[in-house]
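A.B. asks: Following this line is final-v4.cif, made up of mmCIF, C-alpha atoms:
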data_protein
#
loop_
_atom_site.label_atom_id
_atom_site.label_comp_id
_atom_site.auth_asym_id
_atom_site.auth_seq_id
_atom_site.Cartn_x
_atom_site.Cartn_y
_atom_site.Cartn_z
CA MET A 1 -39.63 27.88 13.52
CA ASN A 2 -43.13 28.27 12.27
CA ASN A 3 -43.43 26.32 9.04
CA HIS A 4 -47.13 25.98 8.33
CA ASN A 5 -46.66 22.65 6.55
CA PHE A 6 -45.05 24.28 3.51
CA GLN A 7 -41.82 22.42 4.23
CA HIS A 8 -41.84 20.21 1.14
CA PRO A 9 -38.40 19.51 -0.29
CA ALA A 10 -38.15 20.16 -4.02
CA SER A 11 -38.21 16.45 -4.83
CA SER A 12 -41.69 15.86 -3.39
CA ILE A 13 -45.07 16.23 -5.13
CA GLN A 14 -45.68 19.75 -6.38
CA PRO A 15 -48.31 21.49 -4.28
CA LYS A 16 -48.77 24.53 -6.65
CA LEU A 17 -49.28 27.05 -3.86
CA LEU A 18 -50.54 30.53 -4.63
CA ASN A 19 -49.22 33.50 -2.67
CA ILE A 20 -50.92 36.86 -3.30
CA TYR A 21 -49.21 40.16 -2.48
CA PHE A 22 -50.93 43.47 -1.79
CA THR A 23 -49.82 46.77 -0.31
CA ALA A 24 -51.50 47.62 3.00
CA GLY A 25 -53.56 50.83 3.03
CA ILE A 26 -55.00 50.81 -0.50
CA PRO A 27 -57.43 51.59 -2.13
CA THR A 28 -58.45 53.21 1.17
CA LEU A 29 -56.77 53.07 4.57
CA GLU A 30 -59.27 50.66 6.12
CA ASP A 31 -59.41 48.07 3.30
CA THR A 32 -56.55 45.89 4.59
CA GLY A 33 -58.74 43.40 6.47
CA LYS A 34 -61.27 43.21 3.66
CA ILE A 35 -58.55 42.43 1.10
CA ALA A 36 -56.92 39.81 3.35
CA LYS A 37 -60.27 38.07 3.78
CA LEU A 38 -60.94 38.25 0.03
CA ILE A 39 -57.56 36.61 -0.70
CA GLN A 40 -58.30 33.80 1.75
CA ASP A 41 -61.89 33.28 0.63
CA SER A 42 -60.90 33.19 -3.06
CA GLY A 43 -58.63 30.20 -2.49
CA ALA A 44 -55.09 31.57 -2.19
CA ASP A 45 -52.81 29.56 0.08
CA MET A 46 -51.05 32.49 1.71
CA MET A 47 -50.50 36.22 1.38
CA GLU A 48 -47.79 38.83 1.52
CA ILE A 49 -48.78 42.19 2.94
CA GLY A 50 -46.57 45.05 1.84
CA ILE A 51 -45.61 47.74 4.33
CA PRO A 52 -45.69 51.07 2.46
CA TYR A 53 -42.35 52.84 2.14
CA SER A 54 -41.30 56.08 0.47
CA ASP A 55 -38.52 54.47 -1.56
CA PRO A 56 -39.50 50.91 -2.58
CA VAL A 57 -36.45 50.19 -4.76
CA ALA A 58 -37.31 46.59 -5.74
CA ASP A 59 -40.75 47.51 -6.99
CA GLY A 60 -42.05 48.54 -10.38
CA PRO A 61 -44.32 51.52 -11.13
CA VAL A 62 -47.64 49.87 -10.12
CA ILE A 63 -46.49 48.89 -6.64
CA GLN A 64 -44.61 52.19 -6.25
CA ASP A 65 -47.94 53.93 -6.93
CA ALA A 66 -49.59 51.69 -4.33
CA HIS A 67 -46.93 52.64 -1.75
CA SER A 68 -47.45 56.36 -2.47
CA LEU A 69 -51.23 56.08 -2.19
CA ALA A 70 -51.03 54.05 1.04
CA LEU A 71 -48.72 56.62 2.65
CA LYS A 72 -51.00 59.43 1.48
CA ASN A 73 -53.93 57.51 3.03
CA GLY A 74 -52.06 57.55 6.35
CA MET A 75 -50.86 53.94 6.53
CA SER A 76 -48.19 53.20 9.16
CA ILE A 77 -46.74 50.08 10.78
CA LYS A 78 -48.68 50.87 13.96
CA LYS A 79 -51.92 51.13 11.99
CA LEU A 80 -51.18 47.90 10.13
CA PHE A 81 -50.70 45.99 13.38
CA GLU A 82 -54.07 47.30 14.62
CA GLN A 83 -55.72 46.07 11.41
CA LEU A 84 -54.00 42.68 11.61
CA ALA A 85 -55.12 42.24 15.21
CA GLU A 86 -58.73 42.66 14.03
CA ILE A 87 -58.46 39.82 11.48
CA LYS A 88 -56.28 37.48 13.53
CA GLU A 89 -59.11 35.00 14.14
CA SER A 90 -60.89 35.30 10.78
CA VAL A 91 -57.95 35.18 8.37
CA THR A 92 -56.00 32.04 9.18
CA ILE A 93 -53.92 31.36 6.04
CA PRO A 94 -50.27 32.39 6.53
CA LYS A 95 -49.68 36.14 6.43
CA ILE A 96 -46.16 37.32 5.61
CA LEU A 97 -45.15 40.95 6.04
CA MET A 98 -42.94 42.34 3.30
CA GLY A 99 -41.16 45.60 3.86
CA TYR A 100 -37.93 47.53 3.76
CA LEU A 101 -35.53 47.59 6.68
CA ASN A 102 -35.56 51.30 7.52
CA PRO A 103 -39.18 51.59 8.78
CA VAL A 104 -38.78 48.33 10.71
CA LEU A 105 -35.65 49.62 12.45
CA GLN A 106 -37.43 52.88 13.25
CA PHE A 107 -40.24 50.87 14.85
CA GLY A 108 -37.63 48.76 16.69
CA PHE A 109 -36.74 45.32 15.30
CA GLU A 110 -37.63 43.30 18.39
CA ASN A 111 -40.72 45.38 19.05
CA PHE A 112 -41.76 44.73 15.44
CA CYS A 113 -41.24 40.96 15.76
CA GLN A 114 -43.14 40.81 19.03
CA LYS A 115 -46.08 42.63 17.43
CA CYS A 116 -45.98 40.28 14.42
CA SER A 117 -46.21 37.32 16.72
CA GLU A 118 -49.11 38.89 18.68
CA VAL A 119 -51.22 39.60 15.58
CA GLY A 120 -50.71 36.26 13.83
CA VAL A 121 -48.04 37.09 11.25
CA SER A 122 -46.11 33.95 10.28
CA GLY A 123 -43.05 35.40 8.60
CA LEU A 124 -41.12 38.35 7.20
CA ILE A 125 -39.50 39.32 3.92
CA ILE A 126 -37.14 42.29 4.15
CA PRO A 127 -35.34 42.41 0.78
CA ASP A 128 -32.69 44.92 1.87
CA LEU A 129 -31.63 43.12 5.06
CA PRO A 130 -28.15 41.66 4.36
CA PRO A 131 -27.72 37.97 5.26
CA VAL A 132 -24.63 38.72 7.38
CA ALA A 133 -26.55 41.21 9.53
CA PHE A 134 -29.42 38.72 9.70
CA GLU A 135 -27.11 36.03 11.10
CA LYS A 136 -25.30 38.33 13.52
CA GLN A 137 -28.12 40.50 14.84
CA TYR A 138 -31.58 39.25 13.99
CA VAL A 139 -31.95 35.49 13.66
CA GLU A 140 -32.27 34.89 17.42
CA ILE A 141 -34.98 37.55 17.74
CA LEU A 142 -36.97 35.92 14.92
CA LYS A 143 -36.64 32.51 16.59
CA LYS A 144 -37.75 33.97 19.90
CA TYR A 145 -41.03 35.13 18.31
CA ASN A 146 -41.43 32.02 16.13
CA LEU A 147 -41.27 33.98 12.86
CA ASN A 148 -40.11 32.67 9.51
CA PHE A 149 -37.74 34.79 7.45
CA THR A 150 -37.42 34.56 3.67
CA PHE A 151 -34.50 35.60 1.49
CA LEU A 152 -34.68 36.38 -2.22
CA VAL A 153 -32.58 34.75 -4.94
CA THR A 154 -32.28 35.80 -8.61
CA PRO A 155 -31.04 34.19 -11.85
CA GLU A 156 -27.64 35.77 -11.08
CA THR A 157 -27.35 34.15 -7.64
CA SER A 158 -24.72 31.38 -7.67
CA GLU A 159 -25.76 27.85 -6.69
CA GLU A 160 -23.58 28.08 -3.60
CA ARG A 161 -25.26 31.30 -2.53
CA ILE A 162 -28.75 29.93 -3.27
CA LYS A 163 -27.97 27.08 -0.87
CA TYR A 164 -26.64 29.52 1.74
CA LEU A 165 -29.73 31.77 1.52
CA ASP A 166 -31.98 28.70 1.62
CA SER A 167 -30.21 27.53 4.79
CA LEU A 168 -30.92 30.92 6.43
CA SER A 169 -34.54 31.06 5.21
CA SER A 170 -37.54 29.33 6.72
CA GLY A 171 -41.10 28.94 5.45
CA LEU A 172 -40.15 29.49 1.82
CA LEU A 173 -37.40 30.69 -0.52
CA TYR A 174 -38.42 33.60 -2.78
CA ALA A 175 -36.99 33.17 -6.27
CA VAL A 176 -37.19 36.37 -8.27
CA SER A 177 -37.88 35.36 -11.86
CA SER A 178 -35.57 37.98 -13.36
CA SER A 179 -33.21 40.70 -12.22
CA SER A 180 -35.74 43.43 -12.82
CA THR A 181 -38.32 45.17 -10.68
CA THR A 182 -41.74 43.70 -9.89
CA GLY A 183 -44.41 43.68 -12.58
CA SER A 184 -42.05 43.30 -15.51
CA ASP A 185 -42.66 41.20 -18.59
CA SER A 186 -43.48 37.54 -18.06
CA ALA A 187 -41.07 36.45 -20.82
CA VAL A 188 -38.61 36.04 -17.95
CA LEU A 189 -40.63 33.03 -16.83
CA LYS A 190 -39.22 31.20 -19.83
CA ASN A 191 -35.90 31.20 -17.97
CA GLU A 192 -35.73 27.41 -18.06
CA ASN A 193 -32.11 27.07 -16.89
CA TYR A 194 -32.77 29.03 -13.75
CA LEU A 195 -35.97 27.17 -12.91
CA ASN A 196 -34.23 23.84 -13.61
CA THR A 197 -31.31 24.80 -11.35
CA LEU A 198 -33.68 25.69 -8.51
CA ALA A 199 -35.57 22.43 -8.98
CA SER A 200 -32.35 20.38 -9.03
CA LEU A 201 -30.80 21.78 -5.83
CA ASP A 202 -31.76 19.87 -2.72
CA LEU A 203 -33.24 22.86 -0.92
CA LYS A 204 -34.68 22.92 2.57
CA ASN A 205 -37.55 25.28 1.73
CA PRO A 206 -40.28 25.20 -0.89
CA VAL A 207 -39.40 27.57 -3.73
CA PHE A 208 -41.88 30.30 -4.68
CA ILE A 209 -41.32 32.20 -7.93
CA GLY A 210 -42.29 35.87 -8.04
CA PHE A 211 -42.05 38.96 -10.31
CA GLY A 212 -43.88 38.91 -13.65
CA ILE A 213 -46.57 36.29 -12.95
CA LYS A 214 -49.79 37.79 -14.32
CA ASN A 215 -52.21 34.97 -15.08
CA LYS A 216 -53.05 31.27 -14.87
CA ASP A 217 -50.63 30.31 -17.67
CA ASP A 218 -47.72 32.02 -15.93
CA PHE A 219 -48.67 30.40 -12.64
CA GLU A 220 -48.93 26.92 -14.23
CA ASN A 221 -45.61 27.50 -15.98
CA VAL A 222 -43.62 28.37 -12.84
CA THR A 223 -45.27 25.77 -10.61
CA GLU A 224 -44.11 22.96 -12.89
CA LYS A 225 -40.64 23.61 -11.48
CA ALA A 226 -41.39 25.27 -8.14
CA GLN A 227 -43.80 24.69 -5.25
CA GLY A 228 -45.47 28.07 -5.52
CA GLY A 229 -46.01 31.29 -7.39
CA ILE A 230 -46.30 34.84 -6.04
CA ILE A 231 -48.59 37.35 -7.74
CA GLY A 232 -48.34 41.00 -6.77
CA THR A 233 -48.52 43.63 -9.50
CA ALA A 234 -51.46 42.09 -11.39
CA PHE A 235 -53.54 41.96 -8.19
CA VAL A 236 -52.49 45.41 -6.94
CA LYS A 237 -53.47 46.82 -10.36
CA ILE A 238 -57.02 45.52 -9.81
CA LEU A 239 -57.17 47.22 -6.39
CA LEU A 240 -55.92 50.52 -7.82
CA GLU A 241 -57.98 50.63 -11.00
CA ASN A 242 -61.42 49.20 -10.20
CA GLU A 243 -64.27 50.54 -8.08
CA ASP A 244 -65.58 46.96 -7.84
CA TRP A 245 -62.18 45.51 -6.90
CA GLU A 246 -63.75 42.95 -4.56
CA ALA A 247 -65.60 41.12 -7.35
CA LYS A 248 -62.76 41.50 -9.87
CA GLY A 249 -60.05 40.58 -7.37
CA GLY A 250 -61.96 37.50 -6.22
CA ASP A 251 -62.52 36.33 -9.81
CA PHE A 252 -58.87 36.93 -10.63
CA ILE A 253 -57.60 34.71 -7.77
CA LYS A 254 -60.22 31.99 -8.40
CA GLY A 255 -59.23 32.00 -12.08
CA ILE A 256 -55.61 31.24 -11.21
CA LYS A 257 -56.36 28.47 -8.75
#
Could you render the structure as C-alpha cells?
C.D. replies:
Amino acid sequence: MNNHNFQHPASSIQPKLLNIYFTAGIPTLEDTGKIAKLIQDSGADMMEIGIPYSDPVADGPVIQDAHSLALKNGMSIKKLFEQLAEIKESVTIPKILMGYLNPVLQFGFENFCQKCSEVGVSGLIIPDLPPVAFEKQYVEILKKYNLNFTFLVTPETSEERIKYLDSLSSGLLYAVSSSSTTGSDSAVLKNENYLNTLASLDLKNPVFIGFGIKNKDDFENVTEKAQGGIIGTAFVKILLENEDWEAKGGDFIKGIK
C-alpha cells in the first residue's frame, strides 16, 4: 500500500508531523483547492479533507456547522473529486479523505476508491466503517487502488484492540485524544497513561493524535509521545469566522510548525 514514507515505527526518531483537517466546500463552494494549497504552502505535512455529511456524529459544533454550510453551498462527492482533479499536480503532500460511510456507499465504494486513486488521494478515514466489514468487504478494493485506510483508537480501546486496528490500518493510526467529539477541551491531552501506552506498543503505523489540539503547545505536547498531531476545529474556525482566512490560516499553521 501507499505509505508516503510515514512508516516510522514508534521507537524511531520523532518526526513531529502536522496533519491539518478542513471540511470541503467552505467558506464557499470553490475554496477547496485554495485551502489545500494554503495548507501545503504553510508547511503542513499532510491534510485531511472532510466530506460534508448531514449527520456527522463524531464532530463537535464547529465542524458540524462547517458540514451544514458546505452542504448548503452545494458540496457533493462528485464536486469534490472535480476539485481534487484540478489540484492533483500542484498539491503533492498526502491528501486523506475523511467521511462517513453512508455517502460513500451511495456513491459506490469501488467507484469512490477508483476516483480517489485518479485524483491523487492517498488514503481514507471512515470512522463508522466497522473493522469486520472492512476485512470482509473492503480491504481488497483499497489495495487494488493503492489507498491507505486509517482506523481510530480512543483511551478506552484495549491494548489488544489497538494492535488489531493498527494491523488493519496503513499510512497512520488515528488516536483520538479523548472519548468526546472533535474540538473539545485540550485538557484531555494531559492523558499521559494513554499516550505512554500508545508509545510503548510496537505499532506498525505512525501514531497521530487528534481531537482538542488547538495550538503549538498542544502540538508539542502530543508529538513528544506520537509521530504526529491532527488539527481540525481550530483551523476550521478560522475558515468560518474570518474574511481574511487565507492570511490568518497561513499564520496559524506556520505558528504551529
A.B. asks: Mind pulling up the distance from CA of Leu29 in chain A to CA of Gly74 in chain A?
C.D. replies: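 Straight-line distance from CA of Gly74 in chain A to CA of Leu29 in chain A works out to 6.7 Å.
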A.B. asks: Considering all atoms listed in the file, state which residue in the set A:Val222, A:Ile213, A:Leu173, A:Leu168 is at the smallest distance from Glu192 in chain A.
C.D. replies: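 Between A:Val222, A:Ile213, A:Leu173, A:Leu168, the residue approaching Glu192 in chain A most closely is A:Val222.
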A.B. asks: List as a ChimeraX atom specification the protein and nucleic acid residues near Gly232 in chain A, meaning an atom at most 7 Å away when all atoms listed in the file are counted, but skip any in the same chain fewer than 4 places from it.
C.D. replies: /A:20-22,236
A.B. asks: Starting from the PyMOL selection byres ((chain A and resi 201) around 8), expand the selection into actual residues of this file and give them as a CSV table (one decimal) with C-alpha atoms, in the frame of the given file.
C.D. replies:
chain,number,residue,atom,x,y,z
A,10,ALA,CA,-38.2,20.2,-4.0
A,159,GLU,CA,-25.8,27.8,-6.7
A,163,LYS,CA,-28.0,27.1,-0.9
A,197,THR,CA,-31.3,24.8,-11.4
A,198,LEU,CA,-33.7,25.7,-8.5
A,199,ALA,CA,-35.6,22.4,-9.0
A,200,SER,CA,-32.4,20.4,-9.0
A,202,ASP,CA,-31.8,19.9,-2.7
A,203,LEU,CA,-33.2,22.9,-0.9
A.B. asks: Report as a PDB file with C-alpha atoms, in the frame of the given file the residues that result from applying the PyMOL selection byres ((chain A and resi 112-124) around 9) to the structure here.
C.D. replies:
ATOM      1  CA  ASN A   2     -43.130  28.270  12.270  1.00  0.00           C
ATOM      2  CA  ASN A   3     -43.430  26.320   9.040  1.00  0.00           C
ATOM      3  CA  HIS A   4     -47.130  25.980   8.330  1.00  0.00           C
ATOM      4  CA  GLU A  48     -47.790  38.830   1.520  1.00  0.00           C
ATOM      5  CA  ILE A  77     -46.740  50.080  10.780  1.00  0.00           C
ATOM      6  CA  PHE A  81     -50.700  45.990  13.380  1.00  0.00           C
ATOM      7  CA  GLU A  82     -54.070  47.300  14.620  1.00  0.00           C
ATOM      8  CA  GLN A  83     -55.720  46.070  11.410  1.00  0.00           C
ATOM      9  CA  LEU A  84     -54.000  42.680  11.610  1.00  0.00           C
ATOM     10  CA  ALA A  85     -55.120  42.240  15.210  1.00  0.00           C
ATOM     11  CA  GLU A  86     -58.730  42.660  14.030  1.00  0.00           C
ATOM     12  CA  ILE A  87     -58.460  39.820  11.480  1.00  0.00           C
ATOM     13  CA  LYS A  88     -56.280  37.480  13.530  1.00  0.00           C
ATOM     14  CA  GLU A  89     -59.110  35.000  14.140  1.00  0.00           C
ATOM     15  CA  THR A  92     -56.000  32.040   9.180  1.00  0.00           C
ATOM     16  CA  PRO A  94     -50.270  32.390   6.530  1.00  0.00           C
ATOM     17  CA  LYS A  95     -49.680  36.140   6.430  1.00  0.00           C
ATOM     18  CA  ILE A  96     -46.160  37.320   5.610  1.00  0.00           C
ATOM     19  CA  LEU A  97     -45.150  40.950   6.040  1.00  0.00           C
ATOM     20  CA  MET A  98     -42.940  42.340   3.300  1.00  0.00           C
ATOM     21  CA  GLY A  99     -41.160  45.600   3.860  1.00  0.00           C
ATOM     22  CA  VAL A 104     -38.780  48.330  10.710  1.00  0.00           C
ATOM     23  CA  LEU A 105     -35.650  49.620  12.450  1.00  0.00           C
ATOM     24  CA  PHE A 107     -40.240  50.870  14.850  1.00  0.00           C
ATOM     25  CA  GLY A 108     -37.630  48.760  16.690  1.00  0.00           C
ATOM     26  CA  PHE A 109     -36.740  45.320  15.300  1.00  0.00           C
ATOM     27  CA  GLU A 110     -37.630  43.300  18.390  1.00  0.00           C
ATOM     28  CA  ASN A 111     -40.720  45.380  19.050  1.00  0.00           C
ATOM     29  CA  ILE A 125     -39.500  39.320   3.920  1.00  0.00           C
ATOM     30  CA  ILE A 126     -37.140  42.290   4.150  1.00  0.00           C
ATOM     31  CA  ILE A 141     -34.980  37.550  17.740  1.00  0.00           C
ATOM     32  CA  LEU A 142     -36.970  35.920  14.920  1.00  0.00           C
ATOM     33  CA  LYS A 144     -37.750  33.970  19.900  1.00  0.00           C
ATOM     34  CA  TYR A 145     -41.030  35.130  18.310  1.00  0.00           C
ATOM     35  CA  ASN A 146     -41.430  32.020  16.130  1.00  0.00           C
ATOM     36  CA  LEU A 147     -41.270  33.980  12.860  1.00  0.00           C
ATOM     37  CA  ASN A 148     -40.110  32.670   9.510  1.00  0.00           C
ATOM     38  CA  PHE A 149     -37.740  34.790   7.450  1.00  0.00           C
ATOM     39  CA  THR A 150     -37.420  34.560   3.670  1.00  0.00           C
ATOM     40  CA  SER A 170     -37.540  29.330   6.720  1.00  0.00           C
ATOM     41  CA  GLY A 171     -41.100  28.940   5.450  1.00  0.00           C
TER      42      GLY A 171
END
A.B. asks: Give as an NGL selection string every residue, naming chains and numbers as the document does, that has an atom within 10 Å of (-44.9, 47.4, -10.5), counting all atoms listed in the file.
C.D. replies: :A and (58-66 or 181-184 or 211-212 or 232-234 or 236-237)
A.B. asks: Could those residues be written to a file, using C-alpha atoms, as a CSV table (one decimal), in the coordinates of the input?
C.D. replies:
chain,number,residue,atom,x,y,z
A,58,ALA,CA,-37.3,46.6,-5.7
A,59,ASP,CA,-40.8,47.5,-7.0
A,60,GLY,CA,-42.0,48.5,-10.4
A,61,PRO,CA,-44.3,51.5,-11.1
A,62,VAL,CA,-47.6,49.9,-10.1
A,63,ILE,CA,-46.5,48.9,-6.6
A,64,GLN,CA,-44.6,52.2,-6.2
A,65,ASP,CA,-47.9,53.9,-6.9
A,66,ALA,CA,-49.6,51.7,-4.3
A,181,THR,CA,-38.3,45.2,-10.7
A,182,THR,CA,-41.7,43.7,-9.9
A,183,GLY,CA,-44.4,43.7,-12.6
A,184,SER,CA,-42.0,43.3,-15.5
A,211,PHE,CA,-42.0,39.0,-10.3
A,212,GLY,CA,-43.9,38.9,-13.6
A,232,GLY,CA,-48.3,41.0,-6.8
A,233,THR,CA,-48.5,43.6,-9.5
A,234,ALA,CA,-51.5,42.1,-11.4
A,236,VAL,CA,-52.5,45.4,-6.9
A,237,LYS,CA,-53.5,46.8,-10.4
A.B. asks: If I take CA of Ser177 in chain A and CA of Gly210 in chain A, how far is one from the other in Å, to one decimal?
C.D. replies: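 Rounded to one decimal, the two atoms are 5.9 Å apart.
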A.B. asks: Going by the chain IDs and residue numbers used in this file, which residues fall under the PyMOL selection byres ((chain A and resi 252) around 10)? Write them as a list in words.
C.D. replies: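 What the PyMOL selection byres ((chain A and resi 252) around 10) grabs from the file is Ser42, Lys214, Asn215, Lys216, Ala234, Phe235, Ile238, Trp245, Glu246, Ala247, Lys248, Gly249, Gly250, Asp251, Ile253, Lys254, Gly255, Ile256 and Lys257 of chain A.
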A.B. asks: What does the structure give for the distance between CA of Leu239 in chain A and CA of Val207 in chain A, in Å to one decimal?
C.D. replies: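 Atom-to-atom, CA of Leu239 in chain A to CA of Val207 in chain A, that is 26.6 Å.
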A.B. asks: Please determine an axis-aligned box that encloses all atoms of range 208-217 of chain A listed in the file, with 5 Å added on each side, and express its centre and edge lengths in Å to one decimal as AutoDock Vina command-line options.
C.D. replies:
--center_x -47.2 --center_y 34.6 --center_z -11.2 --size_x 21.7 --size_y 18.7 --size_z 23.0
A.B. asks: Find, counting all atoms listed in the file, the residue in A:Asp41, A:Glu140, A:Glu135, A:Glu241 that gets nearest to Tyr164 in chain A.
C.D. replies: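 Of A:Asp41, A:Glu140, A:Glu135, A:Glu241, the one nearest Tyr164 in chain A, counting all atoms listed in the file, is A:Glu135.
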A.B. asks: Given the choices A:Gly25, A:Gly33, A:Pro206, A:Gly228, which gets closest to Ser90 in chain A if the distance is worked out from only C-alpha atoms?
C.D. replies: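 Comparing A:Gly25, A:Gly33, A:Pro206, A:Gly228 against Ser90 in chain A, the winner is A:Gly33.
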A.B. asks: Determine, counting only C-alpha atoms, every residue of protein, DNA or RNA that lies within 6 Å of (-50.6, 33.1, 0.2) in the file coordinates, then give the result as a PyMOL selection string.
C.D. replies: chain A and resi 18-20+44-47
A.B. asks: Which residues are close to Leu71 in chain A, i.e. within 12 Å by all atoms listed in the file, leaving aside same-chain residues fewer than 3 positions away? Reply as a list in words.
C.D. replies: Thr23, Ala24, Gly25, Ile26, Pro27, Thr28, Leu29, Gly50, Ile51, Pro52, Tyr53, Ser54, Asp55, Gln64, Asp65, Ala66, His67, Ser68, Gly74, Met75, Ser76, Ile77, Lys79 and Leu80 of chain A
A.B. asks: Give the answer as one residue: which of A:Ala175, A:Val153, A:Asn196, A:Val91 has the shortest atom-to-atom distance to Lys34 in chain A, using all atoms listed in the file?
C.D. replies: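 Nearest candidate to Lys34 in chain A out of A:Ala175, A:Val153, A:Asn196, A:Val91: A:Val91.
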A.B. asks: A:Ile162, A:Leu240, A:Val139, A:Leu152: which is nearest Ser178 in chain A, counting all atoms listed in the file?
C.D. replies: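 Residue with the minimum atom-to-atom distance to Ser178 in chain A: A:Leu152.
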